[in-house]
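**Student:** Have a look at this one.
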Amino acid sequence: MTLKTRNTIIRFFLFTSIIIVALTLLTFILCLHSGRIITPPSYRIPALLNSLPFAKNTFTAVMISFAIIILYVPLCFFILIRFFENTQTSEIIFFTGFLIACSAEIARFLTICLGLWLSFSNILIIMGNLVLFGRTLAPLSFLCAALLSDTAQRQDIERNYLIMTVIAVVFAVVIPMNTGNIASTGLVTEGFITQINIMRFLLLLTAVFSFYIHGAKKNSLEHKHLASSSFILLIGYSLLVSCDSYFFLVLGTAGLAGGTYLYLTYLHRLYMWS
């Protein structure tokens with residue numbers, strides 16, 4: 001993939017994400033005005049959160065987290081254009097996969113605003129599939145960035161990106177949705193939810209350790225920093241997309257913002273000196 005093609009794709013994603021922000025804001029205003037926004041049930045994942053006095057369930061925190069995630073996507077696309085326009089790096093391509101994963105949280109927003117969680121419709125199942133797709137694609141994007149960003153792999157970047165996306169799509173489709181169990185965040189819970197969460201965490205750890213091992217083999221301090229920053233970023237993302245309290249909202253926002261800054265900074269340094 002040439003730099004020109006990559007930058008064109010990123011600009012397209014930036015334009016699309018801005019439209020999504022506008023449509024999301026319009027949807028929220030219309031639903032708020034019509035009184036269609038109904039607070040989801042108080043079912044929390046994990047249920048242990050109910051026993052934590054500093055993690056009180058607050059629906060406002062859920063809605064604020066949506067705003068942060070939706071605004072985060074176009075901001076990051078703008079940063080990629082501004083600071084990586086002339087940088088030939090495969091990690092940036094895979095990072096767009098993570099931003100697409102963040103955009104998938106729109107499905108959860110619509111589940112709440114349109115009152116879909118009150119139904120047992122096929123649309124509700126599709127919304128759950130979209131969220132599961134995004135939350136699978138997020139750690140996969142960093143895992144592929146760690147394993148498939150060498151110079152020898154750059155000729156196959158489109159193939160690798162497609163394989164990564166197809167894996168996330170297939171996984172999201174085959175996992176059953178439990179439409180009778182809606183979380184306090186508006187999430188349609190998945191079947192085998194414990195196993196799925198363990199798998200996501202293992203993907204996260206594999207991505208982090210892959211960056212670190214790659215750095216150890218190349219004696220590259222920047223790759224080791226990519227390991228720590230990607231860990232902070234993914235933990236922040238995980239807290240933010242599943243938060244229903246101000247405590248986890250603050251932690252998630254700080255982790256996502258700080259991790260993104262560090263990840264992109266070390267990535268820029270890595271290729272600036274190479």
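If you're wondering about the labels, chains in the structure tokens are A, B, ... by order shown, residues count from 1 in each chain, ligands from 1 in order shown.
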Find the residues of segment 36-92 of chain A that sit at most 12 Å from segment 161-170 of chain A; for each, write down the nearest two atoms and how far apart they are in Å, to one decimal. Count only C-alpha atoms. Sort by chain, then by number going up, and give it as JSON lines.

**Tutor:**
{"residue": "A:Ser90", "atom": "CA", "partner": "A:Tyr161", "partner_atom": "CA", "distance": 10.0}
{"residue": "A:Glu91", "atom": "CA", "partner": "A:Tyr161", "partner_atom": "CA", "distance": 10.9}
{"residue": "A:Ile92", "atom": "CA", "partner": "A:Tyr161", "partner_atom": "CA", "distance": 11.6}

**Student:** Could you list, as a PyMOL selection string, every residue within 6 Å of Ala55 of chain A, counting only C-alpha atoms and ignoring same-chain residues fewer than 2 positions away?

**Tutor:** chain A and resi 52-53+245+247

**Student:** Now that the selection is made, can you save its residues with N, CA, C and O atoms as a compact mmCIF listing (two decimals), in the first residue's frame?

**Tutor:**
# COMPACT_ATOMS: atom_id res chain seq x y z
N LEU A 52 -18.96 -2.00 45.50
CA LEU A 52 -17.92 -0.98 45.60
C LEU A 52 -18.56 0.39 45.78
O LEU A 52 -19.24 0.89 44.88
N PRO A 53 -18.35 1.03 46.92
CA PRO A 53 -19.01 2.32 47.20
C PRO A 53 -18.56 3.44 46.25
O PRO A 53 -19.31 4.39 46.01
N SER A 245 -19.97 4.20 35.81
CA SER A 245 -19.74 5.01 37.01
C SER A 245 -18.70 6.07 36.70
O SER A 245 -17.89 5.91 35.77
N PHE A 247 -16.18 6.86 38.46
CA PHE A 247 -14.84 6.39 38.82
C PHE A 247 -14.16 5.73 37.62
O PHE A 247 -13.03 6.07 37.25

**Student:** With distances taken over only C-alpha atoms, which of A:Phe78, A:Ile125, A:Gly191, A:Ile235 is nearest to Phe248 of chain A?

**Tutor:** A:Ile235

**Student:** Looking at A:Phe211, A:Val188, A:Leu30, A:Ile196, which one is nearest to Asn122 of chain A, with distances taken over only C-alpha atoms?

**Tutor:** A:Val188

**Student:** Check the smallest atom-to-atom distance from each of A:Val173, A:Leu137, A:Cys31, A:Leu148 to Leu204 of chain A using only C-alpha atoms, then report the winner.

**Tutor:** A:Leu137

**Student:** Check segment 66-213 of chain A with DSSP on the backbone and list each residue it calls helix (DSSP H, G or I), as a PyMOL selection string.

**Tutor:** chain A and resi 66-84+90-103+106-113+116-118+122-147+151-174+193-213

**Student:** Considering only C-alpha atoms, state which residue in the set A:His268, A:Arg11, A:Arg6, A:Arg36 is at the smallest distance from Leu114 of chain A.

**Tutor:** A:Arg36

**Student:** So that I can check the surroundings of Ser238 of chain A, please list as a list in words every protein, DNA and RNA residue that reaches within 10 Å of it, counting only C-alpha atoms and ignoring chain neighbours fewer than 3 positions away.

**Tutor:**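 My reading of the contact set: Arg135, Ala138, Pro139, Arg200, Phe201, Ile232, Leu233, Leu234, Ile235, Val241, Ser242, Cys243, Phe248, Gly252, Gly255 and Leu256 of chain A.
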
**Student:** Which residue, A:Asn160, A:Ser229, A:Gln88, A:Ser17, has the smallest gap to Phe209 of chain A when you use only C-alpha atoms?

**Tutor:**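 Nearest candidate to Phe209 of chain A out of A:Asn160, A:Ser229, A:Gln88, A:Ser17: A:Ser229.
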
**Student:** Rank A:Thr111, A:Gln155, A:Asn57, A:Ser149 by their smallest atom-to-atom distance to Leu267 of chain A, using only C-alpha atoms, and report the top residue only.

**Tutor:**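 Ranked by minimum distance to Leu267 of chain A, first place goes to A:Ser149.
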
**Student:** When you look at Ile69 of chain A with a cut-off of 12 Å (counting only C-alpha atoms), what residues show up, excluding the ones that are within fewer than 6 positions of it in the same chain? I need them as a compact mmCIF listing (two decimals) with N, CA and C atoms, in the first residue's frame.

**Tutor:**
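After the write, result_29.txt holds the following:
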# COMPACT_ATOMS: atom_id res chain seq x y z
N SER A 17 -16.05 9.64 10.05
CA SER A 17 -16.20 9.75 11.51
C SER A 17 -16.82 11.08 11.91
N ILE A 20 -20.44 10.69 11.42
CA ILE A 20 -21.00 9.87 12.50
C ILE A 20 -21.21 10.71 13.76
N VAL A 21 -20.26 11.59 14.06
CA VAL A 21 -20.40 12.47 15.22
C VAL A 21 -21.64 13.35 15.07
N THR A 24 -24.79 11.23 15.36
CA THR A 24 -24.97 10.80 16.76
C THR A 24 -25.55 11.92 17.60
N VAL A 62 -22.41 6.67 31.59
CA VAL A 62 -22.51 5.85 30.37
C VAL A 62 -22.61 6.75 29.15
N MET A 63 -23.47 7.77 29.23
CA MET A 63 -23.66 8.67 28.09
C MET A 63 -22.43 9.53 27.83
N LEU A 75 -10.66 12.70 16.16
CA LEU A 75 -9.47 13.37 16.66
C LEU A 75 -8.22 12.56 16.32
N CYS A 76 -8.28 11.25 16.51
CA CYS A 76 -7.14 10.39 16.21
C CYS A 76 -6.86 10.33 14.71
N PHE A 98 -8.31 -0.23 15.17
CA PHE A 98 -8.73 0.05 16.54
C PHE A 98 -9.76 1.18 16.56
N LEU A 99 -9.55 2.19 15.73
CA LEU A 99 -10.50 3.31 15.68
C LEU A 99 -11.86 2.86 15.13
N ILE A 100 -11.84 1.94 14.17
CA ILE A 100 -13.09 1.37 13.67
C ILE A 100 -13.78 0.59 14.80
N ALA A 101 -12.98 -0.10 15.61
CA ALA A 101 -13.53 -0.83 16.75
C ALA A 101 -14.22 0.12 17.72
N CYS A 102 -13.62 1.27 17.95
CA CYS A 102 -14.24 2.28 18.82
C CYS A 102 -15.57 2.76 18.23
N SER A 103 -15.60 2.93 16.91
CA SER A 103 -16.82 3.41 16.25
C SER A 103 -17.97 2.42 16.39
N ALA A 104 -17.65 1.14 16.57
CA ALA A 104 -18.69 0.11 16.70
C ALA A 104 -19.54 0.30 17.95
N GLU A 105 -19.05 1.11 18.91
CA GLU A 105 -19.83 1.37 20.12
C GLU A 105 -21.09 2.18 19.82
N ILE A 106 -21.17 2.73 18.59
CA ILE A 106 -22.38 3.43 18.16
C ILE A 106 -23.60 2.50 18.29
N ARG A 108 -24.22 0.34 20.54
CA ARG A 108 -24.70 0.34 21.93
C ARG A 108 -25.43 1.65 22.23
N PHE A 109 -24.95 2.75 21.67
CA PHE A 109 -25.61 4.05 21.82
C PHE A 109 -27.03 4.01 21.25
N GLY A 236 -7.46 1.34 29.23
CA GLY A 236 -8.31 2.53 29.25
C GLY A 236 -9.54 2.36 28.38
N TYR A 237 -9.33 1.82 27.17
CA TYR A 237 -10.45 1.55 26.26
C TYR A 237 -11.44 0.58 26.89
N SER A 238 -10.95 -0.49 27.48
CA SER A 238 -11.82 -1.51 28.09
C SER A 238 -12.64 -0.93 29.23
N LEU A 239 -12.02 -0.08 30.04
CA LEU A 239 -12.74 0.54 31.15
C LEU A 239 -13.79 1.52 30.64
N LEU A 240 -13.44 2.27 29.60
CA LEU A 240 -14.34 3.31 29.10
C LEU A 240 -15.58 2.72 28.43
N VAL A 241 -15.40 1.68 27.61
CA VAL A 241 -16.55 1.11 26.89
C VAL A 241 -17.47 0.31 27.81
N SER A 242 -16.98 -0.03 28.99
CA SER A 242 -17.81 -0.83 29.92
C SER A 242 -18.13 -0.07 31.20
N CYS A 243 -17.86 1.24 31.22
CA CYS A 243 -18.04 1.99 32.47
C CYS A 243 -19.50 2.41 32.65
N LEU A 249 -15.17 5.98 34.55
CA LEU A 249 -15.15 6.95 33.46
C LEU A 249 -13.85 7.74 33.47
N GLY A 252 -10.89 5.28 32.74
CA GLY A 252 -10.89 4.89 31.34
C GLY A 252 -10.46 6.01 30.41
N THR A 253 -10.96 7.21 30.66
CA THR A 253 -10.60 8.36 29.83
C THR A 253 -9.11 8.67 29.95
N LEU A 256 -7.12 5.84 28.14
CA LEU A 256 -7.24 5.93 26.68
C LEU A 256 -6.46 7.12 26.14
N ALA A 257 -6.61 8.27 26.77
CA ALA A 257 -5.92 9.48 26.31
C ALA A 257 -4.41 9.35 26.50

**Student:** Could you please determine the separation between atom CA of Phe13 of chain A and atom CA of Gly134 of chain A in Å, to one decimal place?

**Tutor:**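 These atoms are spaced 15.7 Å apart.
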
**Student:** Can you tell me, as a PyMOL selection string, what residues are no more than 12 Å from Leu116 of chain A when counting only C-alpha atoms, ignoring any on the same chain fewer than 2 positions away?

**Tutor:** chain A and resi 36-40+107-114+118-128+179-180+182+186-188

**Student:** Taking the chain letters and numbering used in this document, name the residues of segment 151-218 of chain A that DSSP puts in strand (DSSP E), as a count of residues only.

**Tutor:** 9
